[in-house]
Amino acid sequence: MSRSAHPAGPRHADVLPEGHYSAPPADLNALDHKVWAQTVGRGADGVVTVGGVDVKTLAEEHGTPAYILDEADFRARARAWRTAFGADADVFYAGKAFLSRAVVRWLHEEGLNLDVCSGGELATALSAGMPAERIAFHGNNKSQDEIRRAIEAGVGRIVLDSFQEIVRVAHIAQSLGTRQKVQIRITVGVEAHTHEFIATAHEDQKFGIPLAGGQAAEAVRRALQLDGLELIGIHSHIGSQIFDMSGFEVAAHRVVGLLKDIRDEHGVELPEVDLGGGLGIAYTSDDDPREPHEIAKALTEIVTRECEAAKLRTPRISVEPGRAIVGPTAFTLYEVGTVKPLDGLRTYVSVDGGMSDNIRTALYDAEYSVALVSRASSAEPMLARVVGKHCESGDIVVKDAFLPADLAPGDLIAVPATGAYCRSMASNYNHVLRPPVVAVKDGEARVIVRRETEEDLLRLDVG
Ligand SMILES: *Cc1c(COP(=O)(O)O)cnc(C)c1O
């Protein structure tokens with residue numbers, strides 16, 4: 001869809017519901033478990049519950065908007081990844097998807113490692129007791145200070161992202177009298193989006209060192225020469241919200257090709273390969289994500305096969321799922337404010353949050369689902385657009401969705417699959433206060449990130 005300006009008046013594409021929203025679902029009260037957290041259900045009274053707590057109680061006690069996170073589901077998904085990959089591989093949860101101290105503890109308890117990409121994420125991880133050797137430090141522009149703190153903390157690996165960083169990290173490690181374990185992030189020329197991938201010779205992006213033109217090989221040459229570095233492997237991350245495994249197949253093929261070249265040139269077999277994250281989740285009922293055990297099997301087979309063909313020992317594999325673990329575990333609970341029917345078009349349903357708590361729709365044209373959760377309804381479906389309260393017409397949370405036509409101010413609606421990249425990308429636009437994250441489990445709700453207050457806002461504003 002074009003993002004460019006257009007003359008006043010609705011465009012055809014904006015008026016007609018797109019794709020799968022062309023027909024309303026058979027039952028507006030149904031909650032598809034592909035999209036909703038595992039313990040979500042609708043009680044006999046029509047009120048939705050999660051972790052044994054109903055959403056009306058959650059709204060009364062914690063206010064709206066709020067991110068409601070199903071802790072049992074988070075742990076189950078983390079464990080499923082861990083189990084699927086087994087003892088010969090490592091699962092690094094990508095902290096940028098959503099990070100808090102409670103999450104760090106759950107990950108630690110479930111045996112996962114953690115990716116961080118800033119000093120703030122590193123501080124959160126360390127303060128919640130994640131052992132430093134289980135932390136990987138990422139980023140295309142780590143500051144000298146961040147690099148120093150990561151090395152001093154003893155992080156298990158730093159993922160080098162540029163030629164300059166190879167020298168920078170080597171120098172800082174040496175000045176601290178240590179040798180830092182590192183991987184080199186390469187770009188293999190695979191661009192993956194949801195249902196398709198494109199294999200190219202070059203990648204035009206800020207991350208990593210291109211395999212093309214022998215640049216990755218040159219980076220390896222330099223890293224192997226520097227005393228401050230212990231090169232343990234090659235890293236590749238090809239995209240996000242991917243369903244199609246063939247992109248990983250091409251990436252693994254190219255990574256193993258580099259491992260072979262390294263062996264031939266330097267007589268060194270690097271012990272690790274990291275294939276990154278990016279595995280997709282269901283935002284709507286049309287999405288069909290793979291299970292962790294299928295993904296683990298596919299990735300392990302690809303790497304093993306490629307290594308056998310190249311006569312290399314199979315390296316230890318690591319993966320970095322973020323969205324696939326936390327994404328489905330939370331929903332955003334909103335209270336309906338203004339309901340504005342536009343004749344012949346759609347009904348605009350305004351909620352008490354918006355692009356400040358979910359920027360993905362505005363940023364990526366992302367699709368979401370939505371349901372009325374404070375009661376069941378037998379009213380006719382109405383075509384709705386869920387919008388926020390910000391001073392911006394692009395402030396859309398759910399672009400096209402069907403909600404019951406009797407929807408009214410004060411009803412609670414929920415947008416599922418907002419566990420990843422919503423709270424972590426939340427902003428204070430319009431001085432709106434960022435919502436809390438409330439974890440529910442076994443009939444109890446616990447705030448793990450509290451709601452921002454006006455005092456918080458004013459504390460930063462030193463006048
Ligand atoms: C963002 C990112 C991930 C996680 O991506 P998801 O889509 O959340 O799985 C993993 N590794 C790297 C290097 C990333 O940048």
# chains A, B, ... in the order shown; residues from 1 in each chain; ligands from 1
call {"tool": "select_by_dssp", "arguments": {"residues": "region 276-392 of chain A", "states": "strand (DSSP E or B)", "output": "ChimeraX atom specification"}}
result
/A:279,316-319,330-342,346-351,371-372,381-387
call {"tool": "residues_near_ligand", "arguments": {"ligand": "ligand 1", "cutoff": "9 Å", "atoms": "only C-alpha atoms and all ligand atoms", "output": "PyMOL selection string"}}
result
chain A and resi 92-97+115+117+138-139+159+185+207+235-242+274-280+319-327+420-421
call {"tool": "write_last_selection", "arguments": {"atoms": "N, CA, C and O atoms", "output": "compact mmCIF listing (two decimals), in the first residue's frame"}}
result
# COMPACT_ATOMS: atom_id res chain seq x y z
N PHE A 92 18.92 -17.92 22.51
CA PHE A 92 19.07 -16.57 23.06
C PHE A 92 17.77 -15.84 22.82
O PHE A 92 17.39 -15.62 21.67
N TYR A 93 17.09 -15.45 23.88
CA TYR A 93 15.88 -14.64 23.74
C TYR A 93 16.32 -13.22 23.35
O TYR A 93 17.22 -12.65 23.98
N ALA A 94 15.69 -12.66 22.32
CA ALA A 94 16.05 -11.30 21.87
C ALA A 94 15.35 -10.28 22.77
O ALA A 94 14.16 -10.01 22.64
N GLY A 95 16.12 -9.69 23.67
CA GLY A 95 15.56 -8.81 24.69
C GLY A 95 14.82 -7.61 24.14
O GLY A 95 13.91 -7.08 24.78
N LYS A 96 15.17 -7.18 22.94
CA LYS A 96 14.52 -5.98 22.40
C LYS A 96 13.02 -6.19 22.19
O LYS A 96 12.26 -5.22 22.15
N ALA A 97 12.58 -7.45 22.05
CA ALA A 97 11.14 -7.71 21.84
C ALA A 97 10.33 -7.24 23.05
O ALA A 97 9.30 -6.60 22.91
N ASP A 115 19.92 -12.06 24.45
CA ASP A 115 20.54 -11.05 23.58
C ASP A 115 20.20 -9.66 24.09
O ASP A 115 19.02 -9.38 24.34
N CYS A 117 21.09 -5.32 23.23
CA CYS A 117 21.71 -4.48 22.20
C CYS A 117 21.88 -3.03 22.65
O CYS A 117 21.99 -2.14 21.82
N HIS A 138 24.74 -7.22 21.11
CA HIS A 138 24.51 -6.93 19.70
C HIS A 138 24.50 -5.44 19.43
O HIS A 138 24.46 -4.65 20.37
N GLY A 139 24.38 -5.08 18.19
CA GLY A 139 24.15 -3.68 17.82
C GLY A 139 25.13 -3.22 16.76
O GLY A 139 26.27 -3.66 16.72
N VAL A 159 28.75 -9.58 19.39
CA VAL A 159 28.58 -9.83 17.96
C VAL A 159 29.08 -8.60 17.20
O VAL A 159 28.49 -7.52 17.30
N ARG A 185 28.95 -10.73 12.61
CA ARG A 185 27.65 -10.76 11.93
C ARG A 185 27.86 -10.45 10.46
O ARG A 185 28.41 -9.41 10.09
N PHE A 207 23.18 -3.26 8.98
CA PHE A 207 23.68 -4.32 9.85
C PHE A 207 24.70 -5.20 9.16
O PHE A 207 24.58 -5.51 7.98
N HIS A 235 27.61 -15.10 12.57
CA HIS A 235 26.24 -14.78 12.92
C HIS A 235 25.50 -14.26 11.69
O HIS A 235 26.04 -13.49 10.91
N SER A 236 24.25 -14.70 11.55
CA SER A 236 23.41 -14.21 10.45
C SER A 236 21.97 -14.06 10.94
O SER A 236 21.44 -14.96 11.59
N HIS A 237 21.38 -12.93 10.68
CA HIS A 237 19.97 -12.70 11.04
C HIS A 237 19.30 -12.13 9.81
O HIS A 237 19.70 -11.08 9.31
N ILE A 238 18.29 -12.82 9.29
CA ILE A 238 17.83 -12.48 7.94
C ILE A 238 16.55 -11.66 7.88
O ILE A 238 16.15 -11.23 6.80
N GLY A 239 15.90 -11.41 9.01
CA GLY A 239 14.68 -10.61 8.90
C GLY A 239 13.75 -10.90 10.05
O GLY A 239 14.18 -11.40 11.09
N SER A 240 12.47 -10.56 9.89
CA SER A 240 11.54 -10.82 10.98
C SER A 240 10.16 -11.21 10.45
O SER A 240 9.86 -11.01 9.27
N GLN A 241 9.39 -11.79 11.35
CA GLN A 241 8.04 -12.28 11.02
C GLN A 241 8.10 -13.21 9.79
O GLN A 241 7.34 -13.08 8.83
N ILE A 242 9.04 -14.18 9.86
CA ILE A 242 9.27 -15.11 8.74
C ILE A 242 8.52 -16.42 8.98
O ILE A 242 8.59 -16.98 10.08
N ASP A 274 25.37 -18.81 14.52
CA ASP A 274 24.13 -18.26 15.03
C ASP A 274 23.26 -17.86 13.85
O ASP A 274 23.69 -17.10 12.99
N LEU A 275 22.04 -18.41 13.81
CA LEU A 275 21.16 -18.15 12.67
C LEU A 275 20.15 -17.05 12.95
O LEU A 275 19.22 -16.82 12.16
N GLY A 276 20.28 -16.36 14.08
CA GLY A 276 19.43 -15.20 14.37
C GLY A 276 18.02 -15.59 14.76
O GLY A 276 17.72 -16.74 15.11
N GLY A 277 17.14 -14.61 14.70
CA GLY A 277 15.74 -14.84 15.07
C GLY A 277 14.86 -14.56 13.86
O GLY A 277 15.24 -14.81 12.73
N GLY A 278 13.68 -14.02 14.13
CA GLY A 278 12.82 -13.61 13.03
C GLY A 278 11.66 -14.54 12.74
O GLY A 278 10.94 -14.34 11.76
N LEU A 279 11.47 -15.57 13.57
CA LEU A 279 10.38 -16.51 13.29
C LEU A 279 9.02 -15.86 13.57
O LEU A 279 8.85 -15.19 14.58
N GLY A 280 8.10 -16.10 12.68
CA GLY A 280 6.82 -15.40 12.70
C GLY A 280 5.82 -15.95 13.71
O GLY A 280 5.91 -17.09 14.14
N VAL A 319 20.16 -19.77 18.18
CA VAL A 319 19.07 -19.02 17.56
C VAL A 319 18.63 -17.93 18.51
O VAL A 319 18.93 -17.99 19.71
N GLU A 320 17.93 -16.93 17.98
CA GLU A 320 17.58 -15.76 18.78
C GLU A 320 16.12 -15.34 18.61
O GLU A 320 15.84 -14.25 18.14
N PRO A 321 15.20 -16.18 19.01
CA PRO A 321 13.79 -15.78 18.87
C PRO A 321 13.40 -14.71 19.90
O PRO A 321 13.78 -14.83 21.07
N GLY A 322 12.71 -13.70 19.47
CA GLY A 322 12.18 -12.70 20.39
C GLY A 322 10.66 -12.76 20.30
O GLY A 322 9.97 -13.28 21.18
N ARG A 323 10.16 -12.28 19.16
CA ARG A 323 8.72 -12.26 18.91
C ARG A 323 8.07 -13.63 19.13
O ARG A 323 6.99 -13.72 19.74
N ALA A 324 8.72 -14.70 18.66
CA ALA A 324 8.08 -16.02 18.72
C ALA A 324 7.87 -16.49 20.15
O ALA A 324 7.02 -17.33 20.41
N ILE A 325 8.66 -15.95 21.09
CA ILE A 325 8.45 -16.33 22.48
C ILE A 325 7.45 -15.40 23.16
O ILE A 325 6.45 -15.84 23.71
N VAL A 326 7.69 -14.11 23.09
CA VAL A 326 6.86 -13.20 23.90
C VAL A 326 5.63 -12.66 23.15
O VAL A 326 4.63 -12.30 23.78
N GLY A 327 5.71 -12.61 21.83
CA GLY A 327 4.63 -11.97 21.06
C GLY A 327 3.24 -12.46 21.40
O GLY A 327 2.35 -11.68 21.75
N ALA A 420 5.32 -8.57 21.83
CA ALA A 420 6.62 -8.18 21.26
C ALA A 420 6.53 -6.83 20.57
O ALA A 420 5.56 -6.56 19.86
N TYR A 421 7.54 -6.02 20.75
CA TYR A 421 7.69 -4.75 20.04
C TYR A 421 6.54 -3.78 20.24
O TYR A 421 6.26 -2.95 19.38
call {"tool": "select_by_dssp", "arguments": {"residues": "region 152-270 of chain A", "states": "helix (DSSP H, G or I)", "output": "number ranges by chain"}}
result
A: 152-153, 163-175, 212-225, 246-266
call {"tool": "residues_around", "arguments": {"residues": "region 346-358 of chain A", "least_positions_apart": "4", "cutoff": "6 Å", "atoms": "only C-alpha atoms", "output": "PyMOL selection string"}}
result
chain A and resi 65+334-342+383-389+395+397+422+426-427+429
call {"tool": "residues_around", "arguments": {"residues": "Ala362 (chain A)", "least_positions_apart": "3", "cutoff": "7 Å", "atoms": "only C-alpha atoms", "output": "JSON list (two decimals) with all heavy atoms, in the first residue's frame"}}
result
[["chain", "number", "residue", "atom", "x", "y", "z"],
["A", 359, "ILE", "N", 3.11, 0.98, 18.03],
["A", 359, "ILE", "CA", 3.53, 1.76, 16.86],
["A", 359, "ILE", "C", 3.61, 0.88, 15.61],
["A", 359, "ILE", "O", 3.80, 1.35, 14.50],
["A", 359, "ILE", "CB", 4.91, 2.43, 17.14],
["A", 359, "ILE", "CG1", 5.29, 3.47, 16.07],
["A", 359, "ILE", "CG2", 6.01, 1.39, 17.26],
["A", 359, "ILE", "CD1", 4.41, 4.67, 16.03],
["A", 365, "ASP", "N", 2.64, -1.06, 8.87],
["A", 365, "ASP", "CA", 1.38, -1.48, 8.28],
["A", 365, "ASP", "C", 0.98, -2.87, 8.83],
["A", 365, "ASP", "O", 0.41, -3.69, 8.12],
["A", 365, "ASP", "CB", 1.53, -1.57, 6.75],
["A", 365, "ASP", "CG", 0.37, -0.91, 6.04],
["A", 365, "ASP", "OD1", -0.58, -0.52, 6.73],
["A", 365, "ASP", "OD2", 0.42, -0.82, 4.80],
["A", 394, "GLY", "N", -2.71, 8.97, 11.43],
["A", 394, "GLY", "CA", -2.12, 7.63, 11.26],
["A", 394, "GLY", "C", -2.09, 6.82, 12.54],
["A", 394, "GLY", "O", -1.52, 5.73, 12.58],
["A", 395, "ASP", "N", -2.72, 7.34, 13.57],
["A", 395, "ASP", "CA", -2.75, 6.69, 14.89],
["A", 395, "ASP", "C", -3.77, 5.56, 14.87],
["A", 395, "ASP", "O", -4.86, 5.68, 15.42],
["A", 395, "ASP", "CB", -3.09, 7.75, 15.94],
["A", 395, "ASP", "CG", -3.32, 7.18, 17.32],
["A", 395, "ASP", "OD1", -2.79, 6.09, 17.60],
["A", 395, "ASP", "OD2", -4.03, 7.83, 18.10],
["A", 396, "ILE", "N", -3.39, 4.48, 14.20],
["A", 396, "ILE", "CA", -4.30, 3.34, 14.02],
["A", 396, "ILE", "C", -3.71, 2.14, 14.73],
["A", 396, "ILE", "O", -2.52, 1.86, 14.61],
["A", 396, "ILE", "CB", -4.47, 3.02, 12.51],
["A", 396, "ILE", "CG1", -5.13, 4.21, 11.80],
["A", 396, "ILE", "CG2", -5.27, 1.74, 12.30],
["A", 396, "ILE", "CD1", -5.09, 4.11, 10.28]]
call {"tool": "residues_around", "arguments": {"residues": "Pro292 (chain A)", "least_positions_apart": "6", "cutoff": "9 Å", "atoms": "only C-alpha atoms", "output": "PyMOL selection string"}}
result
chain A and resi 77+80-85+324
call {"tool": "write_last_selection", "arguments": {"atoms": "all heavy atoms", "output": "PDB file, in the first residue's frame"}}
result
ATOM      1  N   ARG A  77       6.402 -21.285  26.214  1.00  0.00           N
ATOM      2  CA  ARG A  77       7.034 -21.043  24.910  1.00  0.00           C
ATOM      3  C   ARG A  77       8.555 -21.040  25.025  1.00  0.00           C
ATOM      4  O   ARG A  77       9.260 -21.589  24.168  1.00  0.00           O
ATOM      5  CB  ARG A  77       6.536 -19.732  24.302  1.00  0.00           C
ATOM      6  CG  ARG A  77       5.117 -19.840  23.789  1.00  0.00           C
ATOM      7  CD  ARG A  77       4.577 -18.512  23.267  1.00  0.00           C
ATOM      8  NE  ARG A  77       3.130 -18.562  23.242  1.00  0.00           N
ATOM      9  CZ  ARG A  77       2.409 -19.007  22.218  1.00  0.00           C
ATOM     10  NH1 ARG A  77       3.001 -19.406  21.115  1.00  0.00           N
ATOM     11  NH2 ARG A  77       1.093 -19.046  22.295  1.00  0.00           N
ATOM     12  N   ALA A  80       9.578 -24.564  25.374  1.00  0.00           N
ATOM     13  CA  ALA A  80       9.421 -25.304  24.113  1.00  0.00           C
ATOM     14  C   ALA A  80      10.618 -25.050  23.181  1.00  0.00           C
ATOM     15  O   ALA A  80      11.115 -25.971  22.532  1.00  0.00           O
ATOM     16  CB  ALA A  80       8.121 -24.906  23.424  1.00  0.00           C
ATOM     17  N   TRP A  81      11.072 -23.811  23.141  1.00  0.00           N
ATOM     18  CA  TRP A  81      12.261 -23.503  22.311  1.00  0.00           C
ATOM     19  C   TRP A  81      13.481 -24.205  22.855  1.00  0.00           C
ATOM     20  O   TRP A  81      14.267 -24.797  22.118  1.00  0.00           O
ATOM     21  CB  TRP A  81      12.486 -21.991  22.244  1.00  0.00           C
ATOM     22  CG  TRP A  81      11.635 -21.344  21.187  1.00  0.00           C
ATOM     23  CD1 TRP A  81      10.356 -20.907  21.330  1.00  0.00           C
ATOM     24  CD2 TRP A  81      12.004 -21.093  19.833  1.00  0.00           C
ATOM     25  NE1 TRP A  81       9.909 -20.390  20.134  1.00  0.00           N
ATOM     26  CE2 TRP A  81      10.901 -20.491  19.206  1.00  0.00           C
ATOM     27  CE3 TRP A  81      13.158 -21.316  19.097  1.00  0.00           C
ATOM     28  CZ2 TRP A  81      10.914 -20.109  17.864  1.00  0.00           C
ATOM     29  CZ3 TRP A  81      13.187 -20.933  17.758  1.00  0.00           C
ATOM     30  CH2 TRP A  81      12.068 -20.344  17.155  1.00  0.00           C
ATOM     31  N   ARG A  82      13.655 -24.124  24.168  1.00  0.00           N
ATOM     32  CA  ARG A  82      14.811 -24.724  24.830  1.00  0.00           C
ATOM     33  C   ARG A  82      14.839 -26.234  24.567  1.00  0.00           C
ATOM     34  O   ARG A  82      15.855 -26.793  24.186  1.00  0.00           O
ATOM     35  CB  ARG A  82      14.704 -24.424  26.340  1.00  0.00           C
ATOM     36  CG  ARG A  82      15.830 -24.861  27.172  1.00  0.00           C
ATOM     37  CD  ARG A  82      17.041 -23.967  27.006  1.00  0.00           C
ATOM     38  NE  ARG A  82      18.274 -24.729  27.014  1.00  0.00           N
ATOM     39  CZ  ARG A  82      18.947 -25.103  25.929  1.00  0.00           C
ATOM     40  NH1 ARG A  82      18.557 -24.777  24.725  1.00  0.00           N
ATOM     41  NH2 ARG A  82      20.038 -25.796  26.030  1.00  0.00           N
ATOM     42  N   THR A  83      13.697 -26.869  24.779  1.00  0.00           N
ATOM     43  CA  THR A  83      13.606 -28.316  24.608  1.00  0.00           C
ATOM     44  C   THR A  83      13.809 -28.711  23.159  1.00  0.00           C
ATOM     45  O   THR A  83      14.497 -29.678  22.854  1.00  0.00           O
ATOM     46  CB  THR A  83      12.204 -28.804  25.075  1.00  0.00           C
ATOM     47  OG1 THR A  83      11.969 -28.272  26.377  1.00  0.00           O
ATOM     48  CG2 THR A  83      12.111 -30.301  25.114  1.00  0.00           C
ATOM     49  N   ALA A  84      13.226 -27.920  22.258  1.00  0.00           N
ATOM     50  CA  ALA A  84      13.315 -28.252  20.832  1.00  0.00           C
ATOM     51  C   ALA A  84      14.763 -28.253  20.360  1.00  0.00           C
ATOM     52  O   ALA A  84      15.159 -29.096  19.559  1.00  0.00           O
ATOM     53  CB  ALA A  84      12.489 -27.264  20.016  1.00  0.00           C
ATOM     54  N   PHE A  85      15.557 -27.325  20.854  1.00  0.00           N
ATOM     55  CA  PHE A  85      16.944 -27.236  20.382  1.00  0.00           C
ATOM     56  C   PHE A  85      17.894 -28.122  21.171  1.00  0.00           C
ATOM     57  O   PHE A  85      18.970 -28.448  20.689  1.00  0.00           O
ATOM     58  CB  PHE A  85      17.413 -25.780  20.342  1.00  0.00           C
ATOM     59  CG  PHE A  85      16.953 -25.081  19.090  1.00  0.00           C
ATOM     60  CD1 PHE A  85      15.717 -24.459  19.047  1.00  0.00           C
ATOM     61  CD2 PHE A  85      17.731 -25.104  17.952  1.00  0.00           C
ATOM     62  CE1 PHE A  85      15.276 -23.848  17.879  1.00  0.00           C
ATOM     63  CE2 PHE A  85      17.296 -24.504  16.781  1.00  0.00           C
ATOM     64  CZ  PHE A  85      16.065 -23.872  16.746  1.00  0.00           C
ATOM     65  N   ALA A 324       8.715 -14.699  18.662  1.00  0.00           N
ATOM     66  CA  ALA A 324       8.082 -16.022  18.717  1.00  0.00           C
ATOM     67  C   ALA A 324       7.870 -16.486  20.154  1.00  0.00           C
ATOM     68  O   ALA A 324       7.023 -17.335  20.414  1.00  0.00           O
ATOM     69  CB  ALA A 324       8.925 -17.039  17.944  1.00  0.00           C
TER      70      ALA A 324
END
call {"tool": "closest_atom_pairs", "arguments": {"of": "region 309-397 of chain A", "to": "region 19-43 of chain A", "cutoff": "9 Å", "atoms": "only C-alpha atoms", "output": "Markdown table"}}
result
| residue | atom | partner | partner_atom | distance |
| --- | --- | --- | --- | --- |
| A:Pro328 | CA | A:Ala37 | CA | 5.6 |
| A:Thr329 | CA | A:Ala37 | CA | 4.7 |
| A:Ala330 | CA | A:Ala37 | CA | 6.4 |
| A:Phe331 | CA | A:Trp36 | CA | 7.6 |
| A:Ser369 | CA | A:Val35 | CA | 8.0 |
| A:Ala371 | CA | A:Asn29 | CA | 7.4 |
| A:Leu372 | CA | A:Asn29 | CA | 7.5 |
| A:Val373 | CA | A:Arg42 | CA | 7.9 |
| A:Arg375 | CA | A:Arg42 | CA | 8.7 |
| A:Ala376 | CA | A:Asn29 | CA | 5.9 |
| A:Ser377 | CA | A:Asn29 | CA | 6.9 |
| A:Ser378 | CA | A:Leu28 | CA | 8.1 |
| A:Ala379 | CA | A:Leu28 | CA | 9.0 |
| A:Glu380 | CA | A:Leu28 | CA | 8.8 |
| A:Pro381 | CA | A:Pro24 | CA | 6.6 |
| A:Met382 | CA | A:Pro24 | CA | 8.3 |
| A:Leu383 | CA | A:Pro24 | CA | 8.2 |
call {"tool": "residues_around", "arguments": {"residues": "region 248-257 of chain A", "least_positions_apart": "6", "cutoff": "8 Å", "atoms": "only C-alpha atoms", "output": "CSV table (one decimal) with all heavy atoms, in the first residue's frame"}}
result
chain,number,residue,atom,x,y,z
A,188,VAL,N,24.1,-12.2,4.4
A,188,VAL,CA,24.3,-13.2,3.4
A,188,VAL,C,23.6,-12.9,2.1
A,188,VAL,O,23.6,-13.7,1.2
A,188,VAL,CB,23.9,-14.6,3.9
A,188,VAL,CG1,24.8,-15.0,5.1
A,188,VAL,CG2,22.5,-14.5,4.4
A,189,GLY,N,22.9,-11.8,2.0
A,189,GLY,CA,22.1,-11.5,0.8
A,189,GLY,C,20.8,-12.3,0.8
A,189,GLY,O,20.4,-12.7,-0.3
A,190,VAL,N,20.2,-12.4,1.9
A,190,VAL,CA,18.8,-13.0,2.0
A,190,VAL,C,17.9,-12.0,2.7
A,190,VAL,O,18.2,-11.5,3.8
A,190,VAL,CB,18.9,-14.3,2.8
A,190,VAL,CG1,17.4,-14.8,3.0
A,190,VAL,CG2,19.6,-15.4,2.0
A,199,ALA,N,16.7,-13.9,-2.4
A,199,ALA,CA,18.1,-14.1,-2.3
A,199,ALA,C,18.8,-13.2,-3.3
A,199,ALA,O,18.5,-13.2,-4.4
A,199,ALA,CB,18.5,-15.5,-2.6
A,234,ILE,N,30.2,-17.4,13.4
A,234,ILE,CA,29.6,-16.5,12.4
A,234,ILE,C,28.1,-16.3,12.7
A,234,ILE,O,27.4,-17.3,13.1
A,234,ILE,CB,29.7,-17.0,11.0
A,234,ILE,CG1,31.2,-17.2,10.6
A,234,ILE,CG2,29.0,-16.2,9.9
A,234,ILE,CD1,32.0,-15.9,10.6
A,236,SER,N,24.2,-14.7,11.5
A,236,SER,CA,23.4,-14.2,10.4
A,236,SER,C,22.0,-14.1,10.9
A,236,SER,O,21.4,-15.0,11.6
A,236,SER,CB,23.5,-15.2,9.3
A,236,SER,OG,22.3,-15.1,8.5
A,238,ILE,N,18.3,-12.8,9.3
A,238,ILE,CA,17.8,-12.5,7.9
A,238,ILE,C,16.5,-11.7,7.9
A,238,ILE,O,16.2,-11.2,6.8
A,238,ILE,CB,17.7,-13.7,7.1
A,238,ILE,CG1,16.7,-14.7,7.7
A,238,ILE,CG2,19.0,-14.4,6.8
A,238,ILE,CD1,16.3,-15.9,6.8
A,273,VAL,N,27.7,-21.3,15.0
A,273,VAL,CA,26.9,-20.6,14.0
A,273,VAL,C,25.6,-20.1,14.7
A,273,VAL,O,24.9,-20.9,15.3
A,273,VAL,CB,26.6,-21.5,12.8
A,273,VAL,CG1,25.4,-20.9,12.0
A,273,VAL,CG2,27.8,-21.7,11.9
A,275,LEU,N,22.0,-18.4,13.8
A,275,LEU,CA,21.2,-18.1,12.7
A,275,LEU,C,20.1,-17.1,13.0
A,275,LEU,O,19.2,-16.8,12.2
A,275,LEU,CB,20.5,-19.4,12.2
A,275,LEU,CG,21.4,-20.5,11.7
A,275,LEU,CD1,20.7,-21.8,11.4
A,275,LEU,CD2,22.1,-20.0,10.4
A,299,LEU,N,16.2,-26.3,11.0
A,299,LEU,CA,17.5,-25.6,11.1
A,299,LEU,C,18.7,-26.5,11.3
A,299,LEU,O,19.7,-26.4,10.7
A,299,LEU,CB,17.5,-24.5,12.2
A,299,LEU,CG,16.5,-23.3,11.9
A,299,LEU,CD1,16.6,-22.3,13.0
A,299,LEU,CD2,16.8,-22.6,10.6
A,302,ILE,N,19.4,-28.5,8.2
A,302,ILE,CA,20.0,-27.7,7.1
A,302,ILE,C,21.5,-27.5,7.4
A,302,ILE,O,22.4,-27.8,6.6
A,302,ILE,CB,19.4,-26.3,7.1
A,302,ILE,CG1,17.9,-26.4,6.6
A,302,ILE,CG2,20.2,-25.4,6.1
A,302,ILE,CD1,17.1,-25.1,6.8
A,303,VAL,N,21.9,-27.1,8.7
A,303,VAL,CA,23.3,-26.9,9.0
A,303,VAL,C,24.1,-28.2,8.9
A,303,VAL,O,25.2,-28.2,8.4
A,303,VAL,CB,23.4,-26.2,10.4
A,303,VAL,CG1,24.9,-26.1,10.8
A,303,VAL,CG2,22.7,-24.8,10.4
A,306,GLU,N,24.6,-29.2,5.3
A,306,GLU,CA,25.6,-28.3,4.6
A,306,GLU,C,27.0,-28.6,5.1
A,306,GLU,O,28.0,-28.5,4.3
A,306,GLU,CB,25.2,-26.8,4.9
A,306,GLU,CG,23.9,-26.4,4.2
A,306,GLU,CD,24.0,-26.3,2.7
A,306,GLU,OE1,25.1,-26.1,2.2
A,306,GLU,OE2,23.0,-26.6,2.0
A,307,CYS,N,27.2,-28.9,6.4
A,307,CYS,CA,28.5,-29.1,6.9
A,307,CYS,C,29.0,-30.5,6.5
A,307,CYS,O,30.2,-30.6,6.2
A,307,CYS,CB,28.5,-29.1,8.5
A,307,CYS,SG,28.3,-27.4,9.1
A,310,ALA,N,30.3,-30.1,3.1
A,310,ALA,CA,31.6,-29.3,3.1
A,310,ALA,C,32.7,-30.0,3.9
A,310,ALA,O,33.8,-29.4,4.1
A,310,ALA,CB,31.4,-27.9,3.7
call {"tool": "residues_around", "arguments": {"residues": "Gly177 (chain A)", "least_positions_apart": "4", "cutoff": "9 Å", "atoms": "only C-alpha atoms", "output": "PyMOL selection string"}}
result
chain A and resi 172-173+228
call {"tool": "write_last_selection", "arguments": {"atoms": "N, CA and C atoms", "output": "PDB file, in the first residue's frame"}}
result
ATOM      1  N   ILE A 172      39.686  -2.503  23.271  1.00  0.00           N
ATOM      2  CA  ILE A 172      39.162  -2.361  24.643  1.00  0.00           C
ATOM      3  C   ILE A 172      39.421  -3.640  25.443  1.00  0.00           C
ATOM      4  N   ALA A 173      39.217  -4.791  24.812  1.00  0.00           N
ATOM      5  CA  ALA A 173      39.458  -6.062  25.523  1.00  0.00           C
ATOM      6  C   ALA A 173      40.916  -6.146  25.950  1.00  0.00           C
ATOM      7  N   GLY A 228      43.092  -9.392  21.275  1.00  0.00           N
ATOM      8  CA  GLY A 228      41.979  -9.137  22.186  1.00  0.00           C
ATOM      9  C   GLY A 228      40.729  -9.946  21.858  1.00  0.00           C
TER      10      GLY A 228
END
call {"tool": "closest_residue", "arguments": {"among": "A:Thr361, A:Thr418, A:Gln144, A:Gln174", "to": "Val437 (chain A)", "atoms": "only C-alpha atoms"}}
result
A:Thr418
call {"tool": "atom_distance", "arguments": {"atom1": "CA of Thr57 (chain A)", "atom2": "CA of Arg423 (chain A)"}}
result
21.4 Å
call {"tool": "closest_residue", "arguments": {"among": "A:Ala405, A:Thr49, A:Glu110, A:Ser100", "to": "Thr124 (chain A)", "atoms": "only C-alpha atoms"}}
result
A:Ser100
call {"tool": "atom_distance", "arguments": {"atom1": "CA of Val53 (chain A)", "atom2": "CA of Ile68 (chain A)"}}
result
10.4 Å
call {"tool": "atom_distance", "arguments": {"atom1": "CA of Ala217 (chain A)", "atom2": "CA of Gly247 (chain A)"}}
result
21.5 Å
call {"tool": "closest_residue", "arguments": {"among": "A:Leu229, A:Ala59, A:Val47, A:Ala439", "to": "Arg75 (chain A)", "atoms": "only C-alpha atoms"}}
result
A:Ala439
